[in-house]
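> File final_7.cif follows (mmCIF, C-alpha atoms and all ligand atoms):
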data_run
#
loop_
_atom_site.label_atom_id
_atom_site.label_comp_id
_atom_site.auth_asym_id
_atom_site.auth_seq_id
_atom_site.Cartn_x
_atom_site.Cartn_y
_atom_site.Cartn_z
CA MET A 1 139.21 32.19 113.07
CA ILE A 2 140.54 35.69 112.38
CA PRO A 3 143.44 35.55 109.92
CA ARG A 4 146.73 37.06 111.08
CA ASN A 5 147.10 38.70 107.69
CA LEU A 6 143.77 40.50 107.92
CA VAL A 7 145.38 43.91 107.33
CA GLU A 8 147.34 42.74 104.26
CA CYS A 9 144.10 41.51 102.75
CA VAL A 10 142.90 45.11 102.53
CA LEU A 11 143.77 47.01 99.39
CA ILE A 12 142.84 50.67 99.24
CA SER A 13 142.54 52.23 95.81
CA HIS A 14 143.50 55.77 96.76
CA SER A 15 143.96 58.23 93.92
CA ALA A 16 147.77 57.94 93.50
CA PHE A 17 147.50 54.16 93.64
CA GLU A 18 144.86 54.23 90.90
CA GLU A 19 146.82 56.70 88.82
CA ALA A 20 149.96 54.55 89.04
CA GLY A 21 148.03 51.45 87.97
CA ARG A 22 146.29 53.27 85.16
CA ARG A 23 149.47 54.84 83.76
CA ALA A 24 151.32 51.52 83.92
CA GLU A 25 148.47 49.73 82.12
CA GLN A 26 148.53 52.32 79.35
CA LYS A 27 152.20 51.54 78.68
CA ILE A 28 151.71 47.79 78.92
CA ASP A 29 148.76 47.88 76.56
CA TYR A 30 150.57 50.11 74.11
CA VAL A 31 153.50 47.70 73.77
CA LYS A 32 151.21 44.66 73.78
CA TYR A 33 149.40 46.00 70.73
CA GLY A 34 152.60 46.63 68.81
CA GLY A 35 153.56 50.17 69.87
CA ARG A 36 157.19 50.80 68.94
CA GLU A 37 157.82 54.16 70.59
CA PRO A 38 159.55 54.12 74.00
CA ALA A 39 157.10 53.76 76.87
CA CYS A 40 158.66 54.42 80.26
CA LEU A 41 157.07 55.36 83.56
CA ALA A 42 158.63 56.47 86.85
CA LEU A 43 156.88 55.76 90.13
CA ILE A 44 158.38 57.92 92.84
CA GLY A 45 157.73 58.09 96.56
CA GLU A 46 159.25 57.97 100.01
CA SER A 47 159.61 54.62 101.73
CA ARG A 48 156.32 53.09 102.86
CA THR A 49 154.11 55.07 100.49
CA GLY A 50 152.97 51.92 98.69
CA LYS A 51 155.14 51.68 95.57
CA SER A 52 155.85 47.97 95.88
CA ARG A 53 152.18 47.31 96.58
CA CYS A 54 151.36 49.01 93.26
CA ILE A 55 153.84 46.76 91.50
CA GLU A 56 152.24 43.73 93.14
CA GLY A 57 148.93 44.88 91.67
CA ILE A 58 150.39 45.16 88.18
CA LEU A 59 151.91 41.68 88.41
CA ARG A 60 148.64 40.24 89.62
CA ARG A 61 146.85 41.65 86.58
CA HIS A 62 149.44 40.08 84.28
CA PRO A 63 150.26 36.70 85.77
CA VAL A 64 152.82 34.25 84.43
CA GLN A 65 151.22 31.51 82.35
CA ARG A 66 152.63 28.09 81.57
CA THR A 67 152.08 26.88 78.02
CA GLN A 68 153.35 23.84 76.15
CA GLU A 69 156.04 26.00 74.55
CA GLY A 70 157.21 27.37 77.89
CA ILE A 71 156.27 30.22 80.15
CA LEU A 72 154.61 33.47 79.13
CA SER A 73 155.56 36.32 81.41
CA PRO A 74 154.09 39.59 80.14
CA VAL A 75 155.45 41.63 83.05
CA LEU A 76 158.86 40.95 84.49
CA ALA A 77 159.72 42.63 87.79
CA ILE A 78 162.99 42.67 89.70
CA THR A 79 164.30 44.57 92.68
CA VAL A 80 167.48 46.43 91.80
CA PRO A 81 170.23 45.42 94.22
CA SER A 82 172.35 48.10 95.83
CA LYS A 83 175.33 48.82 93.57
CA PRO A 84 173.81 47.15 90.51
CA THR A 85 175.98 45.80 87.72
CA VAL A 86 175.07 44.59 84.25
CA LYS A 87 175.85 41.08 85.42
CA SER A 88 173.61 41.23 88.50
CA LEU A 89 170.68 42.74 86.59
CA ALA A 90 170.95 40.32 83.66
CA GLU A 91 171.12 37.38 86.06
CA ASN A 92 168.15 38.66 88.05
CA PHE A 93 166.04 38.90 84.92
CA LEU A 94 167.13 35.46 83.73
CA ARG A 95 166.25 33.93 87.08
CA LYS A 96 162.82 35.55 86.95
CA LEU A 97 162.34 33.89 83.57
CA ARG A 98 163.00 30.55 85.31
CA VAL A 99 166.32 30.00 83.53
CA THR A 100 168.16 27.35 85.52
CA ASP A 101 171.69 28.02 84.28
CA TRP A 102 171.42 31.80 84.68
CA GLU A 103 175.08 32.02 85.76
CA LYS A 104 176.34 30.61 82.48
CA GLY A 105 178.14 32.77 79.92
CA THR A 106 179.83 36.12 79.66
CA GLU A 107 178.08 39.44 80.12
CA PRO A 108 177.33 39.91 76.39
CA GLN A 109 176.12 36.31 76.15
CA LYS A 110 173.75 36.81 79.07
CA THR A 111 172.49 40.02 77.47
CA ALA A 112 171.88 38.34 74.12
CA ARG A 113 170.13 35.47 75.84
CA LEU A 114 167.94 37.85 77.79
CA ILE A 115 166.86 39.77 74.67
CA LYS A 116 165.95 36.52 72.96
CA LEU A 117 164.02 35.28 75.97
CA LEU A 118 162.11 38.54 76.34
CA GLU A 119 160.56 37.84 72.97
CA GLN A 120 160.08 34.11 73.54
CA CYS A 121 158.34 34.66 76.87
CA GLY A 122 156.12 37.44 75.55
CA VAL A 123 157.55 40.04 77.92
CA VAL A 124 156.06 43.46 77.21
CA THR A 125 157.14 45.32 80.34
CA LEU A 126 160.08 45.38 82.70
CA ILE A 127 159.59 46.70 86.20
CA LEU A 128 162.56 47.73 88.29
CA ASP A 129 161.78 48.41 91.94
CA GLU A 130 164.36 50.30 94.07
CA PHE A 131 165.53 51.94 90.85
CA HIS A 132 167.28 54.68 92.90
CA HIS A 133 170.02 52.11 93.53
CA PHE A 134 171.36 53.14 90.12
CA TYR A 135 172.36 56.31 91.94
CA ASP A 136 175.21 55.87 94.39
CA LYS A 137 174.55 58.23 97.28
CA THR A 138 178.05 58.10 98.71
CA SER A 139 179.80 59.10 95.50
CA ASN A 140 176.83 61.06 94.08
CA LYS A 141 177.31 59.14 90.88
CA VAL A 142 174.90 57.41 88.55
CA GLN A 143 175.87 53.96 87.29
CA HIS A 144 175.81 55.22 83.70
CA HIS A 145 177.11 52.01 82.22
CA VAL A 146 174.26 49.99 83.76
CA ALA A 147 171.66 52.62 82.86
CA ASP A 148 172.88 52.54 79.24
CA TRP A 149 172.64 48.78 79.22
CA LEU A 150 169.07 48.96 80.48
CA LYS A 151 168.15 51.51 77.85
CA ASN A 152 169.45 49.11 75.18
CA ILE A 153 167.51 46.19 76.62
CA VAL A 154 164.34 48.28 76.54
CA SER A 155 164.97 49.35 72.91
CA GLU A 156 166.06 46.01 71.56
CA GLY A 157 163.52 44.00 73.52
CA HIS A 158 160.69 46.41 72.52
CA VAL A 159 159.37 46.52 76.06
CA ALA A 160 157.94 49.21 78.31
CA LEU A 161 159.80 50.14 81.48
CA VAL A 162 158.44 51.00 84.92
CA ALA A 163 161.08 52.40 87.27
CA SER A 164 160.01 52.66 90.90
CA GLY A 165 161.88 54.09 93.85
CA LEU A 166 162.90 57.06 95.94
CA GLN A 167 163.20 60.58 94.61
CA SER A 168 166.87 60.10 93.73
CA LEU A 169 165.84 57.88 90.83
CA GLN A 170 165.06 61.12 89.05
CA SER A 171 168.83 61.83 88.90
CA VAL A 172 169.38 58.55 87.09
CA ILE A 173 166.84 59.49 84.43
CA ASP A 174 167.86 63.14 84.19
CA GLN A 175 171.52 62.30 83.74
CA ASN A 176 170.92 59.85 80.92
CA GLU A 177 169.71 61.89 77.98
CA GLN A 178 168.36 58.96 76.03
CA LEU A 179 166.50 57.55 79.02
CA ALA A 180 165.17 60.99 79.94
CA GLY A 181 163.53 61.39 76.53
CA ARG A 182 161.55 58.22 77.09
CA PHE A 183 159.89 59.17 80.38
CA GLY A 184 156.86 61.43 80.81
CA ALA A 185 155.85 62.99 84.12
CA PRO A 186 156.32 60.58 87.03
CA VAL A 187 153.54 59.29 89.24
CA VAL A 188 154.21 60.40 92.80
CA MET A 189 153.11 58.17 95.66
CA PRO A 190 152.43 60.63 98.46
CA ARG A 191 152.48 60.77 102.17
CA PHE A 192 149.18 62.43 103.01
CA PHE A 193 149.12 65.89 104.61
CA TRP A 194 146.54 66.88 107.15
CA SER A 195 146.71 70.58 106.28
CA ASN A 196 145.68 69.87 102.73
CA GLU A 197 141.92 69.39 102.68
CA GLU A 198 141.88 66.96 99.79
CA GLN A 199 144.65 64.84 101.25
CA GLN A 200 143.02 64.87 104.68
CA ALA A 201 139.80 63.58 103.11
CA GLU A 202 141.74 60.89 101.30
CA TRP A 203 143.53 59.90 104.52
CA LEU A 204 140.19 59.55 106.30
CA GLY A 205 138.95 57.51 103.33
CA ILE A 206 141.89 55.13 103.68
CA LEU A 207 141.11 54.70 107.37
CA ALA A 208 137.47 54.07 106.48
CA GLY A 209 138.58 51.25 104.17
CA PHE A 210 140.49 49.53 106.99
CA ASP A 211 137.67 50.29 109.45
CA ASP A 212 135.17 48.40 107.26
CA VAL A 213 137.25 45.22 107.17
CA LEU A 214 138.39 45.22 110.81
CA ARG A 215 134.87 45.94 112.03
CA GLU A 216 133.71 42.57 110.75
CA HIS A 217 135.78 41.07 113.57
CA PHE A 218 136.34 43.73 116.24
CA ASP A 219 134.62 46.50 118.13
CA PHE A 220 136.67 49.73 118.32
CA PRO A 221 136.35 53.53 118.09
CA SER A 222 135.71 54.64 114.49
CA LEU A 223 139.05 54.95 112.69
CA CYS A 224 137.77 57.58 110.31
CA SER A 225 136.36 60.09 112.81
CA GLU A 226 138.26 63.37 112.69
CA GLU A 227 139.73 62.65 116.12
CA MET A 228 141.06 59.16 115.34
CA GLY A 229 142.09 60.27 111.86
CA PHE A 230 144.22 62.99 113.41
CA ARG A 231 145.70 60.63 115.98
CA PHE A 232 146.63 58.20 113.21
CA TYR A 233 147.95 61.00 111.04
CA CYS A 234 150.29 62.28 113.75
CA ALA A 235 151.36 58.76 114.69
CA THR A 236 152.21 57.69 111.16
CA GLY A 237 153.04 60.93 109.36
CA GLY A 238 150.41 60.12 106.75
CA LEU A 239 152.46 57.13 105.56
CA ILE A 240 150.26 54.19 104.62
CA GLY A 241 153.06 51.74 105.51
CA TYR A 242 153.22 52.97 109.11
CA LEU A 243 149.44 52.84 109.29
CA THR A 244 149.40 49.19 108.23
CA ASN A 245 152.25 48.33 110.64
CA THR A 246 150.21 49.71 113.52
CA LEU A 247 146.94 48.11 112.46
CA ARG A 248 148.65 44.76 111.96
CA GLN A 249 150.00 44.84 115.51
CA ILE A 250 146.59 45.88 116.87
CA VAL A 251 145.00 42.87 115.16
CA TRP A 252 147.71 40.44 116.37
CA ASN A 253 147.38 41.65 119.97
CA ALA A 254 143.61 41.32 119.90
CA ILE A 255 143.84 37.82 118.43
CA ASP A 256 146.36 36.76 121.10
CA ASP A 257 144.28 38.24 123.92
CA ASP A 258 141.17 36.64 122.44
CA ARG A 259 139.56 40.06 122.66
CA ALA A 260 136.96 41.53 120.31
CA LYS A 261 137.07 44.97 121.89
CA ILE A 262 139.92 47.33 121.01
CA ARG A 263 140.30 50.44 123.18
CA LEU A 264 142.48 53.53 122.79
CA GLN A 265 145.04 52.05 125.17
CA ASP A 266 145.32 49.01 122.89
CA PHE A 267 146.11 51.32 119.96
CA ASP A 268 148.76 52.96 122.16
CA ARG A 269 150.37 49.65 123.07
CA ALA A 270 150.36 48.34 119.51
CA TYR A 271 151.76 51.57 118.13
CA LYS A 272 154.64 51.51 120.61
CA GLN A 273 155.37 47.93 119.63
CA ALA A 274 155.09 48.57 115.92
CA ILE A 275 156.83 51.86 115.26
CA TRP A 276 157.27 54.23 118.19
CA VAL A 277 160.85 53.34 119.05
CA MET A 278 161.77 52.37 115.51
CA ASP A 279 160.97 55.92 114.55
CA ARG A 280 163.12 57.21 117.42
CA ARG A 281 160.19 58.88 119.15
CA SER A 282 160.95 57.43 122.47
CA ALA A 283 158.50 57.39 125.30
CA SER A 284 161.51 57.77 127.58
CA LYS A 285 161.76 61.41 126.52
CA GLY A 286 158.52 61.87 128.40
CA GLU A 287 156.53 62.24 125.19
CA VAL A 288 153.19 60.57 124.95
CA THR A 289 152.04 58.86 121.78
CA PRO A 290 149.11 60.21 119.76
CA PHE A 291 147.08 57.28 121.12
CA ASP A 292 147.62 58.30 124.74
CA GLU A 293 144.54 59.77 126.45
CA ARG A 294 146.67 62.69 127.66
CA TRP A 295 147.66 63.63 124.11
CA ASN A 296 146.03 66.76 122.66
CA ALA A 297 143.85 65.38 119.86
CA ASN A 298 142.69 68.82 118.68
CA PRO A 299 144.51 69.58 115.42
CA ASN A 300 147.36 71.98 116.22
CA GLU A 301 150.39 73.31 114.36
CA ALA A 302 153.01 71.68 116.57
CA ALA A 303 151.59 68.17 116.13
CA ILE A 304 151.02 68.65 112.40
CA GLY A 305 154.59 69.92 111.97
CA ALA A 306 156.05 67.00 113.93
CA ALA A 307 154.05 64.51 111.84
CA THR A 308 155.76 65.62 108.63
CA THR A 309 159.04 64.20 109.93
CA VAL A 310 157.73 60.77 110.92
CA GLY A 311 159.59 58.12 108.94
CA CYS A 312 162.38 60.50 107.88
CA HIS A 313 166.00 59.77 108.64
CA VAL A 314 167.79 62.24 110.87
CA GLY A 315 169.27 64.21 107.94
CA GLU A 316 165.93 64.45 106.21
CA VAL A 317 164.16 65.72 109.30
CA ARG A 318 165.97 69.04 109.06
CA GLU A 319 164.88 69.46 105.45
CA LYS A 320 161.31 68.43 106.02
CA SER A 321 160.06 70.56 108.89
CA PHE A 322 157.09 72.13 107.21
CA GLY A 323 155.29 73.26 110.37
CA SER A 324 151.64 73.60 109.54
CA LYS A 325 152.44 74.90 106.04
CA ALA A 326 152.03 71.59 104.35
CA PRO A 327 152.93 71.29 100.73
CA THR A 328 149.89 70.86 98.53
CA THR A 329 151.45 68.11 96.45
CA ALA A 330 153.92 65.43 97.27
CA ALA A 331 156.14 66.80 94.50
CA GLN A 332 156.59 69.91 96.63
CA VAL A 333 157.85 67.77 99.46
CA PHE A 334 160.67 66.62 97.28
CA SER A 335 161.50 70.08 96.06
CA LYS A 336 161.97 71.33 99.65
N1 LIG A 401 146.92 50.90 98.64
C1 LIG A 401 147.21 50.18 99.70
N2 LIG A 401 146.25 49.50 100.37
C2 LIG A 401 146.54 48.77 101.46
N3 LIG A 401 147.78 48.64 101.99
C3 LIG A 401 148.78 49.28 101.37
C4 LIG A 401 148.57 50.08 100.21
N4 LIG A 401 149.73 50.61 99.81
C5 LIG A 401 150.66 50.14 100.69
N5 LIG A 401 150.10 49.36 101.61
C6 LIG A 401 150.82 48.65 102.68
O1 LIG A 401 151.78 49.55 103.23
C7 LIG A 401 153.03 48.89 103.46
C8 LIG A 401 154.14 49.62 102.72
O2 LIG A 401 153.90 49.54 101.33
P1 LIG A 401 155.06 49.30 100.28
O3 LIG A 401 154.40 49.06 98.97
O4 LIG A 401 156.02 48.27 100.77
O5 LIG A 401 155.78 50.73 100.29
P2 LIG A 401 157.07 51.18 99.52
O6 LIG A 401 157.40 50.17 98.47
O7 LIG A 401 156.70 52.52 98.93
O8 LIG A 401 158.14 51.32 100.56
C9 LIG A 401 152.83 47.44 103.01
O9 LIG A 401 152.53 46.66 104.15
C10 LIG A 401 151.65 47.51 102.09
O10 LIG A 401 150.91 46.31 102.06
MG MG A 402 159.15 49.03 98.23
#
Output the structure of this file as structure tokens.


Amino acid sequence: MIPRNLVECVLISHSAFEEAGRRAEQKIDYVKYGGREPACLALIGESRTGKSRCIEGILRRHPVQRTQEGILSPVLAITVPSKPTVKSLAENFLRKLRVTDWEKGTEPQKTARLIKLLEQCGVVTLILDEFHHFYDKTSNKVQHHVADWLKNIVSEGHVALVASGLQSLQSVIDQNEQLAGRFGAPVVMPRFFWSNEEQQAEWLGILAGFDDVLREHFDFPSLCSEEMGFRFYCATGGLIGYLTNTLRQIVWNAIDDDRAKIRLQDFDRAYKQAIWVMDRRSASKGEVTPFDERWNANPNEAAIGAATTVGCHVGEVREKSFGSKAPTTAAQVFSK
């Protein structure tokens, strides 16, 4: 039987993914072997570029262990809630350390308890996903009080810190002098750009990785040919998360139809179900999807330009119309 989670079982080690893992491991190792200097890493990228998947990888390499004395949890990861407070973060960490009465005590008591437990449970690294929530977009303000608290936890607990999130997390770090001094250059999780030769090759490599696994079960046009690569690029804007959404739907449809053959029209149907409307590219406007036979699959400026806005919110679309002049690095995307 073909598993419904076939697509999730695929993990592609593209270069940014590898770099993120490697840089995180350096920090973890450093603290593990007694390093006392601050060791902080920022992992920055748009939504659906694979940041959380990287974190999953780190956690998998450093699993929680149960011992007679209690649990050992070398890496502790939480997702920062929107509008974080000291209380909510402390409680989240305590819960992750399996503390049952995590609600008990005042804020300073919870903090003291957390610092003690970090040592007891052998925590060497804290990971905070959605770190940009420290920055309040509506008021343009950083939650300085919470950021200061975190900085103290990192110092007193002698742990490394991995902060992952959208570009605005940079404001949180930049505006806190003491935090800023602890971070080196961030790792940027990119969306891939067709106009950049290296990124195009990497995009086709990612498709080849999925092709290999899916081909064990299905017959379909090669995903990593230049034509299909371009169709997928324009459909997903070079975002790995949109690619996996589409592939997942393709697999589900084929399983339900009990069909081993997947044709272009099946890609079209799955894409419309998975992201076409969600991304406000409505077929009702008379547009055809990149998987439609009538679509021009020869690389052209208009299609490449439109792809750079896939996955952006309306406000961002204005900022991110690059036309065919794609940035060469993802960092340039953010500086636009
Ligand atoms: N390197 C990868 N290999 C395979 N699938 C990936 C990879 N990176 C991300 N994905 C998939 O893409 C989707 C979005 O990734 P996610 O980590 O949630 O993005 P982000 O946290 O940046 O929004 C998920 O379904 C994830 O499994
Ligand atoms: Mg995420």

> One decimal, Å: what's the distance from CA of Leu214 (chain A) over to CA of Leu247 (chain A), could you say?

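Straight-line distance from CA of Leu214 (chain A) to CA of Leu247 (chain A) works out to 9.2 Å.
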
> Between A:Asp219, A:Asp212, A:Glu301, A:Asp148, single out the one closest to Ile12 (chain A), counting only C-alpha atoms.

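Of all the options, A:Asp212 lies closest to Ile12 (chain A).
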
> Using only C-alpha atoms, which of A:Val75, A:Ile255, A:Ile58, A:Ile240 sits nearest Phe192 (chain A)?

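Of the candidates, the smallest distance to Phe192 (chain A) is held by A:Ile240.
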
> Given a cut-off of 10 Å, what residues near ligand LIG 401 (chain A) show up using only C-alpha atoms and all ligand atoms, put as number ranges by chain?

A: 7-18, 43-57, 129-130, 164-166, 189-191, 206-207, 209-210, 239-245, 248

> Can you find the residues with an atom no farther than 12 Å from (141.6, 31.0, 112.9), counting only C-alpha atoms, and report them as an MDAnalysis selection string?

chainID A and resid 1:6 217 252 255:256 258

> How about saving the chosen residues, C-alpha atoms kept, as a PDB file, in the frame of the given file?


ATOM      1  CA  MET A   1     139.210  32.190 113.070  1.00  0.00           C
ATOM      2  CA  ILE A   2     140.540  35.690 112.380  1.00  0.00           C
ATOM      3  CA  PRO A   3     143.440  35.550 109.920  1.00  0.00           C
ATOM      4  CA  ARG A   4     146.730  37.060 111.080  1.00  0.00           C
ATOM      5  CA  ASN A   5     147.100  38.700 107.690  1.00  0.00           C
ATOM      6  CA  LEU A   6     143.770  40.500 107.920  1.00  0.00           C
ATOM      7  CA  HIS A 217     135.780  41.070 113.570  1.00  0.00           C
ATOM      8  CA  TRP A 252     147.710  40.440 116.370  1.00  0.00           C
ATOM      9  CA  ILE A 255     143.840  37.820 118.430  1.00  0.00           C
ATOM     10  CA  ASP A 256     146.360  36.760 121.100  1.00  0.00           C
ATOM     11  CA  ASP A 258     141.170  36.640 122.440  1.00  0.00           C
TER      12      ASP A 258
END

> Restricting the calculation to only C-alpha atoms and all ligand atoms, which member of A:Ser222, A:Ser195, A:Gln265, A:Thr79 is positioned closest to ligand MG 402 (chain A)?

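The closest residue to ligand MG 402 (chain A) is A:Thr79.
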
> Report, in Å to a single decimal, how far apart CA of Val146 (chain A) and CA of Gln178 (chain A) are.

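If I compute the distance from CA of Gln178 (chain A) to CA of Val146 (chain A), I get 13.2 Å.
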
> Which value, in Å to one decimal, gives the distance between CA of Val86 (chain A) and CA of Gly21 (chain A)?

28.1 Å

> Taking every listed atom of region 118-121 of chain A and adding 4 Å to each side, what centre and edge lengths in Å (one decimal) does the axis-aligned box have, as AutoDock Vina command-line options?


--center_x 160.2 --center_y 36.3 --center_z 74.9 --size_x 11.8 --size_y 12.4 --size_z 11.9

> In terms of the shortest atom-to-atom distance over all atoms listed in the file, which of A:Lys116, A:Thr85, A:Phe131, A:Thr106 is closest to ligand MG 402 (chain A)?

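Looking at the shortest contact to ligand MG 402 (chain A), the residue is A:Phe131.
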
> My list of candidates is A:His132, A:Arg98, A:Arg215, A:Arg269. Which is closest to ligand MG 402 (chain A) when distances are computed with only C-alpha atoms and all ligand atoms?

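Nearest candidate to ligand MG 402 (chain A) out of A:His132, A:Arg98, A:Arg215, A:Arg269: A:His132.
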
> In the coordinates of the file, take the point (175.9, 31.1, 84.2) and a cut-off of 12 Å; then, counting all atoms listed in the file, name each qualifying protein, DNA or RNA residue as a PyMOL selection string.

chain A and resi 87-88+90-92+94-95+99-111+113
